[in-house]
$ cat work-v3.txt   # compact mmCIF, C-alpha atoms (C1' of nucleotides)
# COMPACT_ATOMS: atom_id res chain seq x y z
CA MET A 738 71.22 106.84 90.09
CA ARG A 739 73.17 107.18 93.32
CA ALA A 740 75.66 109.99 93.23
CA GLU A 741 78.82 108.16 94.26
CA VAL A 742 78.77 105.68 91.42
CA LEU A 743 80.06 108.37 89.09
CA LYS A 744 83.18 109.02 91.14
CA GLY A 745 86.29 108.26 89.18
CA HIS A 746 84.43 107.92 85.89
CA LEU A 747 83.50 111.54 85.27
CA ASP A 748 86.78 112.52 83.64
CA ALA A 749 86.38 109.77 81.07
CA LEU A 750 82.88 110.95 80.19
CA LEU A 751 83.95 114.58 79.90
CA LEU A 752 86.90 113.73 77.69
CA ALA A 753 84.69 111.53 75.53
CA THR A 754 82.30 114.39 74.79
CA LEU A 755 85.22 116.28 73.30
CA GLN A 756 86.49 113.53 71.06
CA ASP A 757 84.67 114.86 68.00
CA GLY A 758 85.54 118.51 68.41
CA PRO A 759 85.39 121.40 70.87
CA ARG A 760 82.41 122.00 73.14
CA HIS A 761 81.66 124.51 75.86
CA GLY A 762 80.75 123.46 79.39
CA TYR A 763 77.02 123.77 79.10
CA ALA A 764 77.02 121.83 75.82
CA ILE A 765 79.06 119.09 77.49
CA LYS A 766 76.53 118.89 80.28
CA GLU A 767 73.69 118.66 77.74
CA ALA A 768 75.53 116.11 75.63
CA LEU A 769 75.97 113.85 78.63
CA ARG A 770 72.35 114.20 79.60
CA ALA A 771 71.07 113.48 76.11
CA GLY A 772 73.61 110.76 75.37
CA SER A 773 72.74 108.86 78.53
CA GLY A 774 68.99 109.01 78.16
CA GLY A 775 68.77 111.45 81.06
CA ARG A 776 70.76 109.28 83.45
CA PHE A 777 73.65 111.70 83.74
CA ASP A 778 72.00 115.04 84.40
CA LEU A 779 74.98 116.64 86.05
CA PRO A 780 74.72 119.92 87.93
CA GLY A 781 77.01 122.79 86.96
CA GLY A 782 78.78 122.42 90.26
CA THR A 783 79.96 119.04 89.05
CA VAL A 784 80.86 119.91 85.48
CA TYR A 785 82.69 123.22 85.79
CA PRO A 786 85.11 122.32 88.56
CA ALA A 787 85.86 119.06 86.76
CA LEU A 788 86.67 120.93 83.54
CA HIS A 789 88.99 123.23 85.47
CA ARG A 790 90.69 120.23 86.95
CA LEU A 791 91.14 118.66 83.53
CA GLU A 792 92.50 121.91 82.16
CA ARG A 793 94.97 122.27 85.01
CA ALA A 794 96.03 118.71 84.29
CA GLY A 795 96.69 119.67 80.68
CA LEU A 796 94.17 117.22 79.24
CA ILE A 797 91.94 119.89 77.73
CA ARG A 798 92.48 123.48 76.67
CA GLY A 799 89.83 126.17 76.96
CA SER A 800 89.31 129.46 75.18
CA TRP A 801 86.78 132.25 75.63
CA SER A 802 84.43 133.41 72.97
CA VAL A 803 81.18 135.35 72.77
CA VAL A 804 78.11 133.90 71.05
CA ASN A 805 74.73 135.66 71.07
CA GLY A 806 75.92 138.07 73.70
CA ARG A 807 76.83 135.24 76.06
CA ARG A 808 80.37 134.43 76.94
CA ARG A 809 81.44 130.87 76.43
CA ARG A 810 84.46 128.84 77.32
CA SER A 811 85.08 126.20 74.71
CA TYR A 812 87.27 123.23 75.47
CA GLN A 813 89.14 120.87 73.23
CA LEU A 814 91.26 117.80 73.86
CA THR A 815 95.02 118.21 73.96
CA PRO A 816 97.22 115.39 72.64
CA SER A 817 97.76 114.37 76.23
CA GLY A 818 94.01 114.40 76.70
CA GLN A 819 93.62 112.10 73.71
CA ARG A 820 95.97 109.65 75.31
CA ALA A 821 94.20 109.98 78.65
CA LEU A 822 90.90 109.22 76.94
CA SER A 823 92.26 106.02 75.42
CA GLN A 824 93.61 105.06 78.80
CA GLU A 825 90.29 105.80 80.48
CA ARG A 826 88.49 103.75 77.91
CA SER A 827 90.58 100.66 78.44
CA SER A 828 90.51 100.97 82.20
CA TRP A 829 86.73 101.29 82.05
CA GLN A 830 86.63 98.11 79.98
CA ASP A 831 88.74 96.43 82.58
CA PHE A 832 86.73 97.68 85.51
CA SER A 833 83.30 97.04 84.04
CA THR A 834 84.21 93.56 82.89
CA ALA A 835 85.38 92.67 86.37
CA VAL A 836 82.32 94.07 88.11
CA THR A 837 79.94 92.48 85.65
CA ALA A 838 81.62 89.13 86.15
CA LEU A 839 81.46 89.40 89.93
CA LEU A 840 77.89 90.62 90.00
CA GLY A 841 76.20 88.70 87.33
CA GLY A 842 78.40 85.74 86.83
CA GLU A 843 78.40 82.11 87.73
CA PRO A 844 78.02 80.97 91.32
CA TRP A 845 80.92 81.75 93.59
CA PRO A 846 83.38 79.05 94.59
CA ALA A 847 82.39 77.44 97.87
CA ALA A 848 83.24 79.45 100.97
CA THR A 849 86.15 78.26 103.15
CA MET B 1021 93.07 100.57 89.02
CA ARG B 1022 92.44 104.03 90.42
CA ALA B 1023 90.88 103.98 93.85
CA GLU B 1024 87.86 106.21 93.30
CA VAL B 1025 86.32 104.13 90.55
CA LEU B 1026 85.11 101.68 93.17
CA LYS B 1027 83.11 104.27 95.05
CA GLY B 1028 79.45 103.43 95.09
CA HIS B 1029 79.98 99.94 93.71
CA LEU B 1030 81.57 98.26 96.71
CA ASP B 1031 78.31 97.39 98.44
CA ALA B 1032 77.12 95.52 95.37
CA LEU B 1033 80.32 93.48 95.23
CA LEU B 1034 80.22 92.64 98.91
CA LEU B 1035 76.59 91.57 98.76
CA ALA B 1036 77.31 89.48 95.68
CA THR B 1037 80.00 87.46 97.48
CA LEU B 1038 77.34 86.41 99.99
CA GLN B 1039 74.75 85.29 97.49
CA ASP B 1040 75.74 81.64 97.71
CA GLY B 1041 76.06 81.40 101.46
CA PRO B 1042 77.75 82.96 104.48
CA ARG B 1043 81.33 84.15 104.41
CA HIS B 1044 83.58 85.88 106.90
CA GLY B 1045 85.27 89.19 106.13
CA TYR B 1046 88.63 87.85 105.19
CA ALA B 1047 87.06 85.25 102.89
CA ILE B 1048 85.04 88.00 101.23
CA LYS B 1049 88.21 89.96 100.62
CA GLU B 1050 89.87 86.89 99.12
CA ALA B 1051 86.85 86.01 97.02
CA LEU B 1052 86.85 89.48 95.48
CA ARG B 1053 90.56 89.30 94.79
CA ALA B 1054 90.36 85.88 93.19
CA GLY B 1055 87.11 86.53 91.37
CA SER B 1056 88.44 89.68 89.77
CA GLY B 1057 91.76 88.34 88.66
CA GLY B 1058 93.55 90.40 91.29
CA ARG B 1059 91.96 93.68 90.25
CA PHE B 1060 90.05 94.14 93.47
CA ASP B 1061 92.63 93.53 96.16
CA LEU B 1062 90.88 95.48 98.86
CA PRO B 1063 92.61 96.38 102.12
CA GLY B 1064 90.99 95.40 105.40
CA GLY B 1065 90.36 99.06 106.10
CA THR B 1066 88.00 99.06 103.15
CA VAL B 1067 86.25 95.75 103.73
CA TYR B 1068 85.54 95.74 107.46
CA PRO B 1069 84.01 99.20 107.81
CA ALA B 1070 81.89 98.50 104.74
CA LEU B 1071 80.60 95.28 106.27
CA HIS B 1072 79.73 97.14 109.45
CA ARG B 1073 77.87 99.70 107.41
CA LEU B 1074 75.94 97.01 105.58
CA GLU B 1075 75.11 95.32 108.86
CA ARG B 1076 73.89 98.57 110.40
CA ALA B 1077 71.76 99.01 107.30
CA GLY B 1078 70.23 95.58 107.90
CA LEU B 1079 71.41 94.14 104.60
CA ILE B 1080 73.65 91.50 106.16
CA ARG B 1081 73.74 89.79 109.53
CA GLY B 1082 76.94 88.73 111.24
CA SER B 1083 77.68 86.14 113.90
CA TRP B 1084 80.85 85.23 115.76
CA SER B 1085 82.42 81.81 115.69
CA VAL B 1086 85.81 80.29 116.46
CA VAL B 1087 87.66 78.22 113.87
CA ASN B 1088 91.20 76.90 114.45
CA GLY B 1089 91.59 79.08 117.49
CA ARG B 1090 90.80 82.20 115.48
CA ARG B 1091 87.65 84.17 115.97
CA ARG B 1092 85.63 84.87 112.88
CA ARG B 1093 82.64 86.98 112.08
CA SER B 1094 80.53 85.36 109.43
CA TYR B 1095 78.02 87.34 107.46
CA GLN B 1096 74.95 86.33 105.52
CA LEU B 1097 72.44 88.18 103.43
CA THR B 1098 69.17 89.20 105.04
CA PRO B 1099 66.01 89.21 102.92
CA SER B 1100 66.40 92.96 102.66
CA GLY B 1101 69.98 92.38 101.55
CA GLN B 1102 68.77 90.03 98.83
CA ARG B 1103 66.49 92.72 97.53
CA ALA B 1104 69.29 95.28 97.75
CA LEU B 1105 71.52 92.98 95.73
CA SER B 1106 68.95 92.68 92.96
CA GLN B 1107 68.57 96.43 92.97
CA GLU B 1108 72.33 96.93 92.82
CA ARG B 1109 72.59 94.52 89.96
CA SER B 1110 70.05 96.31 87.83
CA SER B 1111 71.41 99.74 88.63
CA TRP B 1112 74.88 98.50 87.69
CA GLN B 1113 73.46 97.30 84.38
CA ASP B 1114 71.94 100.69 83.87
CA PHE B 1115 75.05 102.59 84.79
CA SER B 1116 77.53 100.47 82.88
CA THR B 1117 75.40 100.43 79.76
CA ALA B 1118 75.22 104.22 79.80
CA VAL B 1119 78.94 104.70 80.37
CA THR B 1120 79.89 102.15 77.75
CA ALA B 1121 77.62 103.86 75.24
CA LEU B 1122 79.05 107.28 76.00
CA LEU B 1123 82.65 106.13 75.98
CA GLY B 1124 82.79 103.65 73.22
CA GLY B 1125 79.87 104.49 71.08
CA GLU B 1126 79.25 106.13 67.79
CA PRO B 1127 80.43 109.68 67.12
CA TRP B 1128 78.67 112.39 69.08
CA PRO B 1129 76.01 114.56 67.49
CA ALA B 1130 77.48 117.80 66.18
CA ALA B 1131 78.18 120.44 68.79
CA THR B 1132 75.90 123.48 68.94
C1' DC C 891 113.83 79.87 119.85
C1' DT C 892 113.02 83.62 116.91
C1' DC C 893 111.16 85.63 113.03
C1' DC C 894 108.17 86.03 109.21
C1' DT C 895 104.00 85.25 106.77
C1' DA C 896 99.23 84.29 106.38
C1' DT C 897 95.02 84.46 108.62
C1' DG C 898 91.51 87.15 110.95
C1' DG C 899 89.76 91.25 113.04
C1' DC C 900 89.50 96.27 114.25
C1' DT C 901 89.71 101.88 114.33
C1' DA C 902 91.06 106.94 113.66
C1' DG C 903 91.66 110.06 110.53
C1' DC C 904 92.94 111.53 105.67
C1' DG C 905 91.87 112.77 100.95
C1' DT C 906 89.31 112.76 96.77
C1' DG C 907 85.80 114.51 94.34
C1' DG C 908 80.91 114.98 93.13
C1' DC C 909 77.06 117.62 95.07
C1' DT C 910 74.36 121.42 97.29
C1' DA C 911 73.43 126.03 97.52
C1' DG C 912 74.20 130.11 96.04
C1' DC C 913 75.69 133.75 93.02
C1' DT C 914 76.10 136.73 88.22
C1' DA C 915 74.35 137.68 83.61
C1' DT C 916 71.85 137.72 78.92
C1' DA C 917 67.96 136.34 75.70
C1' DG C 918 63.37 135.40 74.93
C1' DG C 919 58.73 134.09 75.96
C1' DT C 920 54.27 134.88 78.84
C1' DA D 696 57.11 141.95 85.56
C1' DC D 697 58.35 137.32 85.74
C1' DC D 698 60.05 132.88 84.43
C1' DT D 699 62.86 129.75 81.88
C1' DA D 700 66.84 128.41 79.37
C1' DT D 701 71.42 129.40 78.50
C1' DA D 702 76.15 130.17 80.28
C1' DG D 703 79.47 130.58 83.77
C1' DC D 704 81.41 130.40 88.58
C1' DT D 705 82.74 129.26 93.93
C1' DA D 706 82.64 127.80 98.94
C1' DG D 707 81.89 124.34 101.62
C1' DC D 708 79.57 119.81 102.71
C1' DC D 709 79.75 114.92 102.91
C1' DA D 710 80.23 110.07 101.60
C1' DC D 711 83.32 106.62 101.55
C1' DG D 712 87.45 104.04 100.20
C1' DC D 713 92.21 104.19 101.77
C1' DT D 714 96.37 104.66 104.77
C1' DA D 715 98.47 103.57 108.84
C1' DG D 716 98.35 101.47 112.69
C1' DC D 717 96.93 98.20 116.14
C1' DC D 718 95.83 93.16 118.37
C1' DA D 719 96.05 88.07 118.15
C1' DT D 720 96.90 83.03 116.61
C1' DA D 721 98.97 79.28 113.60
C1' DG D 722 102.62 77.48 111.13
C1' DG D 723 106.85 77.32 108.57
C1' DA D 724 111.82 78.92 107.97
C1' DG D 725 116.10 80.11 109.89
$ encode --input "work-v3.txt" --output "structure tokens"
Amino acid sequence: MRAEVLKGHLDALLLATLQDGPRHGYAIKEALRAGSGGRFDLPGGTVYPALHRLERAGLIRGSWSVVNGRRRRSYQLTPSGQRALSQERSSWQDFSTAVTALLGGEPWPAAT
Amino acid sequence: MRAEVLKGHLDALLLATLQDGPRHGYAIKEALRAGSGGRFDLPGGTVYPALHRLERAGLIRGSWSVVNGRRRRSYQLTPSGQRALSQERSSWQDFSTAVTALLGGEPWPAAT
DNA sequence: CTCCTATGGCTAGCGTGGCTAGCTATAGGT
DNA sequence: ACCTATAGCTAGCCACGCTAGCCATAGGAG
């Protein structure tokens, strides 16, 4: 999986992992790996800065806790994040439909 | 349509426009615009450098001609470009299936 | 004639954002 | 003593689409 293909779609994936309740960063990373059959095995250097960006944007809200002697930062969707997720979903639909049509579809109209 | 979502997928789209015969850059741009219902209205500054990159990579081959007093550079797929297109198609399948599953799918397994 | 638009091509440099490399720290197994 | 998994973080690199700008011809509008 080339790296660049993820650009612009990561936020949607991160938000989606939070749709059913709070998760901390590492759990998000693992959820994406497992949920994609290993395709999205994102390094921490991808996940953590992205979460900070989403938090600054007000789409998620994080809070510290300590579990088993390890500190965790758990994130949950804000109302604005919920809306952003819906938006991301529909724009993914739009985008993927268009690309699939162009790539897989019927022969192209004759060239000029 | 946010700009970054295209990153990493442009080559596939460009190669796909050439699958049914040669096209020049401007025609490629128009084909993508028309074929996507206006979603992919790419500026020249996106298309031309990308074509040059693909040509340097040996995936397409360009040749100059003059039509109606205007010079054109027409591109066609090389055999290696054909293979690249097939590859791009299957990796798009892979990618889009994964994202769709993560975004749209069933509820996530319970968080740890 | 002049101007605008569409056609057709190009480049320099910007900006976004995921990745690499590197770091800290605890828990638990070998 | 060492390694792995868990858990978090940052600085800086780099790929690549975009902005802004340029050149040139054809054809229609004014």
$ interface_residues --input "work-v3.txt" --of "chain A" --to "chain D" --cutoff "10 Å" --atoms "all atoms listed in the file" --output "JSON, numbers by chain"
{"A": [740, 741, 761, 762, 763, 764, 781, 782, 785, 786, 807, 808, 809, 810]}
$ residues_around --input "work-v3.txt" --residues "B:Ala1054" --least-positions-apart "5" --cutoff "12 Å" --atoms "all atoms listed in the file" --output "ChimeraX atom specification"
/A:835,838-839,845-846 /B:1037,1047-1049,1059-1062
$ closest_residue --input "work-v3.txt" --among "B:Gly1124, B:Gly1058, B:Ser1106, B:Val1025" --to "chain A" --atoms "only C-alpha atoms"
B:Val1025
$ atom_distance --input "work-v3.txt" --atom1 "atom CA of A:Asp757" --atom2 "atom CA of A:Ser800"
16.9 Å
$ residues_near_point --input "work-v3.txt" --point "(86.4, 117.8, 83.5)" --cutoff "10 Å" --atoms "only C-alpha atoms (C1' of nucleotides)" --output "PyMOL selection string"
chain A and resi 747-752+762+765+783-794+796-797+812
$ interface_residues --input "work-v3.txt" --of "chain C" --to "chain B" --cutoff "9 Å" --atoms "all atoms listed in the file" --output "JSON, numbers by chain"
{"C": [897, 898, 899, 900, 901, 906, 907]}
$ residues_around --input "work-v3.txt" --residues "A:Val836" --least-positions-apart "6" --cutoff "9 Å" --atoms "only C-alpha atoms (C1' of nucleotides)" --output "PyMOL selection string"
chain B and resi 1029+1033+1056+1112
$ atom_distance --input "work-v3.txt" --atom1 "atom CA of A:Pro816" --atom2 "atom CA of A:Gly795"
9.1 Å
